[in-house]
Each structure stands twice: as C-alpha cells, then as structure tokens.
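Peer 1: What follows is a single structure, and I will ask about it in a moment.
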Amino acid sequence: REVETNLRFALKKEEFLLHYQPLVDLATREIIGAEALLRWQHESGKLIMPDKFIGIAEETGLIIPIGEWVMRSACQVAVALNRGRPRPVTVAVNLSTRQFLHNDLVSSIQAILAETGCHTDWIKLEITESLLLENTDNIQRMLQSLSAMGLCISIDDFGTGYSALSYLHRFPVRELKIDRSFTSDITDNAERALIVQAIVSLARNLNKNVVAEGVETLEQADYLHKMGCPQAQGYLFSKPLPLEQFLALLG
Ligand code: G
Ligand code: G
Ligand code: MN
Ligand code: NA
C-alpha cells in the first residue's frame, strides 16, 4: 500500500520519465526509431526500473493514468523528433493488458494524438501475447480501431508467451519483436538460431515487420541481417537513453 501512495505522489510530482532505446535498420545501421521505456526518478535520487513498480501500478489501476502520461510524453517527443525529417522516426510505447480492460483506451489515445498533433505513423503500440489470448470481442475491437487509425500494433517478447499462432491472422498485428532470450545465443546455439530463422520467415511470409531484441554483439547483428531480419534493438547499438542523449545519437 505504501508503494501505491508513493506512485500516486510520483504521478502528481512528475517523477516519471522515459528513456529511449534506439531501433536500428540492420542493413544501414541507421537509427529509425526508439522504444520508450518508463523510469521513476524517486525523490531520494534513485532511478527505479519498471519491474519494481509496473506490477503494482497494474494491480492498483494506477497504470491507467501512468499509461496516459507515457502516451502523451511519447507523442510529444515523436512530434519533436519528426520535425523536418523525410522519413518517419517511430516511437514504440508498451501497453499493459490492464489498459485494454479500461474501455476508454482507444478514445484516450485518439485524444492524445489529436492534442499533441502526433501522426499515427510515428507511434507503435507494443502488446504482449497474453493480451491476444484474452481473446474477448472487446479487445479484438479495440485493436481493430487502433489499427484502423493507422497505428502499428507490435507483439512484444514474441515467442515467450503461450503462443497460439492463430491469433496472427485474427488480430491486426503488423510487427513481431523477437524476445532477447532467443537472440542472445543464436551464434552458438544451432537450435535457437533455427527458432529465430523460423520467426523471421513467418513474419516475412505474413508480410509483417520483425525486430530482434537484445542484440549485444556484431556477430549477432550480422547473423540476423543474413537471416533476413530487417531491424534490431540492443546494447550493441545502445542501451535505453535519456531523451537528450537519444537526440544527440539520432542527429
Ligand atoms: O528497460 P526495461 O527494464 O525498462 O523494461 C522492462 C519492461 O518494463 C519492458 O519490457 C516493458 O514490458 C515494461 N515497461 C517499460 N516501460 C513501460 C511502460 O511505459 N508501460 C508498460 N505497461 N510497461 C512498460
Ligand atoms: O519491452 P521489453 O520487455 O522488451 O523491454 C526491454 C528490456 O530489455 C529493457 O529492460 C531493456 O533495458 C532491456 N534490454 C534492451 N536491450 C538489451 C540487451 O541488448 N541486452 C539485455 N540483456 N537487455 C536489454
Ligand atoms: Mn517492449
Ligand atoms: Na521485449
């Protein structure tokens, strides 16, 4: 309960911030976007990672106002990033299943896009496989609406959930993000490499984008590129960065 009170204060005192992890084109190694990752700058000075508070935010429902703050901040940054650029730079936002159980999600996102002047090409929504397994008409409808607005729906941590591949054609999914547990040993584990190749092929055959997460070595990046994986994130390119550092890197 104490954490709940602290989270409420954190929201009011604007102690949340976003870090941005670059998304890289594996062919050119150019930065083409970022994933926004939530941090809590506690008054004690400590930077608290999401695994320490997202769970409580979900349980208490505080993920709703926190999620709206995240979306608004990400949209404002996307607008600034895309000023005067020939090609869109995307900002990916993580959404909890709990946010979809709140009926206002779609209208809330729509309002934030309008209010910030953010184009839907600039924002990607990361959801988890478990959301799709909830499989209610309501969630299907919400995803259809968000997709129809032009937003890219992306499946995060792909391959780690209870994968029911049938959802790939039932839901408007445009991108798969391969979980870093698969990427981490592709260069020395033949079986892992086959799984990653299968995911990349599946995505491409279904006309979906695919992003490899957790790329830490040049060998992994080269191997993924050879496999036909177009995009990646990971410490090789950059860890999640404060906005100013991300902007400097993006150029
Ligand atoms: O950098 P890292 O420790 O931040 O992120 C850990 C996990 O926390 C991410 O994989 C993501 O699932 C979750 N997370 C990060 N930021 C957000 C956010 O803004 N909203 C939600 N719902 N989850 C987030
Ligand atoms: O949304 P998601 O569950 O994918 O969150 C990404 C998490 O993975 C963040 O906590 C981020 O800090 C972490 N991460 C990003 N790149 C790497 C990487 O190359 N190696 C490892 N070990 N972790 C990473
Ligand atoms: Mn993510
Ligand atoms: Na992930």
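Ligands are numbered from 1 in the order shown, residues from 1 within each chain, and chains are lettered A, B, ... in the order they appear in the structure tokens.
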From a DSSP pass on the backbone, collect the residues of range 18-152 of chain A flagged as strand (DSSP E) and hand them back as a ChimeraX atom specification.
Peer 2: /A:18-25,31-41,47-48,90-94,123-128,152
Peer 1: Filtering to N, CA and C atoms, could you give me those residues as a compact mmCIF listing (two decimals), in the first residue's frame?
Peer 2:
```
# COMPACT_ATOMS: atom_id res chain seq x y z
N LEU A 18 10.83 9.05 -19.39
CA LEU A 18 11.02 7.98 -20.36
C LEU A 18 12.47 7.96 -20.82
N HIS A 19 13.00 6.74 -20.95
CA HIS A 19 14.26 6.56 -21.64
C HIS A 19 13.95 5.98 -23.02
N TYR A 20 14.85 6.20 -23.95
CA TYR A 20 14.61 5.81 -25.34
C TYR A 20 15.70 4.88 -25.82
N GLN A 21 15.30 3.65 -26.19
CA GLN A 21 16.29 2.72 -26.76
C GLN A 21 16.19 2.75 -28.28
N PRO A 22 17.29 3.08 -28.96
CA PRO A 22 17.26 3.16 -30.43
C PRO A 22 16.81 1.85 -31.09
N LEU A 23 16.05 2.01 -32.17
CA LEU A 23 15.67 0.92 -33.07
C LEU A 23 16.49 1.15 -34.34
N VAL A 24 17.19 0.10 -34.78
CA VAL A 24 18.18 0.26 -35.85
C VAL A 24 17.81 -0.57 -37.08
N ASP A 25 18.04 0.02 -38.25
CA ASP A 25 17.90 -0.70 -39.52
C ASP A 25 19.17 -1.56 -39.69
N ILE A 31 19.60 4.71 -37.15
CA ILE A 31 18.52 4.74 -36.17
C ILE A 31 17.24 5.16 -36.88
N ILE A 32 16.20 4.33 -36.75
CA ILE A 32 14.93 4.63 -37.43
C ILE A 32 13.78 4.82 -36.44
N GLY A 33 14.11 4.72 -35.15
CA GLY A 33 13.08 4.89 -34.15
C GLY A 33 13.61 4.62 -32.76
N ALA A 34 12.69 4.46 -31.81
CA ALA A 34 13.08 4.17 -30.43
C ALA A 34 11.93 3.48 -29.71
N GLU A 35 12.29 2.73 -28.67
CA GLU A 35 11.27 2.23 -27.75
C GLU A 35 11.32 3.09 -26.50
N ALA A 36 10.15 3.62 -26.08
CA ALA A 36 10.07 4.43 -24.87
C ALA A 36 9.94 3.50 -23.67
N LEU A 37 10.82 3.66 -22.69
CA LEU A 37 10.80 2.80 -21.50
C LEU A 37 10.70 3.65 -20.24
N LEU A 38 9.72 3.32 -19.42
CA LEU A 38 9.39 4.12 -18.26
C LEU A 38 10.40 3.97 -17.13
N ARG A 39 10.73 5.08 -16.50
CA ARG A 39 11.58 5.12 -15.30
C ARG A 39 10.91 6.02 -14.27
N TRP A 40 11.24 5.74 -13.00
CA TRP A 40 10.73 6.56 -11.91
C TRP A 40 11.92 7.18 -11.19
N GLN A 41 12.02 8.51 -11.32
CA GLN A 41 13.09 9.24 -10.64
C GLN A 41 12.59 9.57 -9.24
N LEU A 47 16.96 6.04 -9.44
CA LEU A 47 16.19 5.78 -10.66
C LEU A 47 15.61 4.37 -10.56
N ILE A 48 14.28 4.28 -10.49
CA ILE A 48 13.65 2.99 -10.28
C ILE A 48 13.16 2.41 -11.61
N THR A 90 10.01 6.39 -35.56
CA THR A 90 8.91 5.85 -34.75
C THR A 90 9.26 5.81 -33.27
N VAL A 91 8.25 5.99 -32.45
CA VAL A 91 8.39 5.81 -31.00
C VAL A 91 7.43 4.69 -30.58
N ALA A 92 7.99 3.62 -29.99
CA ALA A 92 7.17 2.48 -29.57
C ALA A 92 6.82 2.63 -28.09
N VAL A 93 5.55 2.40 -27.79
CA VAL A 93 5.04 2.53 -26.42
C VAL A 93 4.54 1.16 -25.94
N ASN A 94 4.94 0.76 -24.74
CA ASN A 94 4.46 -0.51 -24.15
C ASN A 94 3.10 -0.32 -23.50
N ILE A 123 3.95 6.44 -34.13
CA ILE A 123 3.77 5.70 -32.87
C ILE A 123 3.50 4.22 -33.13
N LYS A 124 4.17 3.36 -32.38
CA LYS A 124 3.88 1.93 -32.42
C LYS A 124 3.41 1.50 -31.03
N LEU A 125 2.48 0.58 -30.99
CA LEU A 125 1.95 0.09 -29.71
C LEU A 125 2.43 -1.34 -29.49
N GLU A 126 3.19 -1.55 -28.40
CA GLU A 126 3.68 -2.89 -28.07
C GLU A 126 2.73 -3.57 -27.09
N ILE A 127 2.22 -4.73 -27.50
CA ILE A 127 1.34 -5.50 -26.62
C ILE A 127 1.97 -6.87 -26.40
N THR A 128 1.44 -7.62 -25.46
CA THR A 128 2.01 -8.95 -25.22
C THR A 128 1.08 -10.03 -25.77
N CYS A 152 0.67 1.15 -35.67
CA CYS A 152 1.27 -0.18 -35.82
C CYS A 152 1.12 -0.94 -34.50
```
Peer 1: Can you list, as a CSV table (one decimal) with C-alpha atoms, in the first residue's frame, every protein, DNA or RNA residue that comes within 9 Å of Ile186 in chain A when you count only C-alpha atoms, leaving out same-chain residues fewer than 3 positions away?
Peer 2:
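The new file part-v9.csv reads:
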```csv
chain,number,residue,atom,x,y,z
A,182,PHE,CA,16.2,-16.1,-28.4
A,183,THR,CA,18.6,-13.6,-29.8
A,189,ASN,CA,23.2,-22.4,-30.3
A,190,ALA,CA,22.0,-24.0,-33.6
A,191,GLU,CA,18.6,-24.7,-32.2
A,192,ARG,CA,18.0,-21.1,-31.1
A,193,ALA,CA,19.2,-20.0,-34.5
A,194,LEU,CA,16.6,-22.2,-36.2
A,195,ILE,CA,13.8,-20.8,-34.0
A,196,VAL,CA,14.8,-17.2,-34.8
A,220,GLN,CA,24.5,-11.5,-33.7
A,223,TYR,CA,23.8,-13.2,-38.5
A,224,LEU,CA,20.3,-11.7,-38.0
```
Peer 1: Using only C-alpha atoms, which of A:Thr116, A:Thr97, A:Thr160, A:Asn103 sits nearest Ala80 in chain A?
Peer 2: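 Ranking A:Thr116, A:Thr97, A:Thr160, A:Asn103 by distance to Ala80 in chain A, first place goes to A:Thr116.
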Peer 1: Please return as a PyMOL selection string the residues found within 7 Å of ligand 4, counting only C-alpha atoms and all ligand atoms.
Peer 2: chain A and resi 156-157+177+179-180+213
Peer 1: Kindly export the residues of the current selection with C-alpha atoms, as a PDB file, in the first residue's frame.
Peer 2:
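See result_5.pdb below for the written result:
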```pdb
ATOM      1  CA  ASP A 156       6.488  -7.705 -27.671  1.00  0.00           C
ATOM      2  CA  ASP A 157       8.568 -10.591 -26.279  1.00  0.00           C
ATOM      3  CA  LYS A 177       9.557  -8.349 -31.671  1.00  0.00           C
ATOM      4  CA  ASP A 179      12.418 -11.760 -27.363  1.00  0.00           C
ATOM      5  CA  ARG A 180      16.026 -11.284 -26.346  1.00  0.00           C
ATOM      6  CA  GLU A 213      15.614  -7.506 -29.379  1.00  0.00           C
TER       7      GLU A 213
END
```
Peer 1: Counting only C-alpha atoms and all ligand atoms, name the residues that have an atom within 6 Å of an atom of ligand 2; the answer should be given as a short mmCIF file (atom, residue, chain, number, x, y, z; two decimals) with C-alpha atoms, in the first residue's frame.
Peer 2:
```
data_model
loop_
_atom_site.label_atom_id
_atom_site.label_comp_id
_atom_site.auth_asym_id
_atom_site.auth_seq_id
_atom_site.Cartn_x
_atom_site.Cartn_y
_atom_site.Cartn_z
CA ASP A 157 8.57 -10.59 -26.28
CA GLY A 214 18.64 -7.83 -27.12
CA VAL A 215 21.34 -7.72 -29.82
CA GLU A 216 24.63 -7.41 -27.96
CA GLY A 234 20.09 -3.98 -28.17
CA TYR A 235 23.12 -2.94 -26.19
CA LYS A 239 21.05 0.92 -24.07
CA PRO A 240 17.90 2.94 -23.30
#
```
Peer 1: Point out the residue among A:Ala74, A:Ile155, A:Leu7, A:Val89 with the least atom-to-atom distance to ligand 3, counting only C-alpha atoms and all ligand atoms.
Peer 2: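 Between A:Ala74, A:Ile155, A:Leu7, A:Val89, the residue approaching ligand 3 most closely is A:Ile155.
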Peer 1: Identify, on the basis of only C-alpha atoms, every residue whose closest approach to Phe53 in chain A does not exceed 12 Å; exclude the query and any residue fewer than 6 positions from it along the same chain; express the result as a ChimeraX atom specification.
Peer 2: /A:1-8,10,16,38-42,47,59-63,66
Peer 1: Nearest to Val210 in chain A among A:Val79, A:Met142, A:Ile56, A:Cys229, with distances taken over only C-alpha atoms: which residue is it?
Peer 2: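 Closest to Val210 in chain A, using only C-alpha atoms: A:Cys229.
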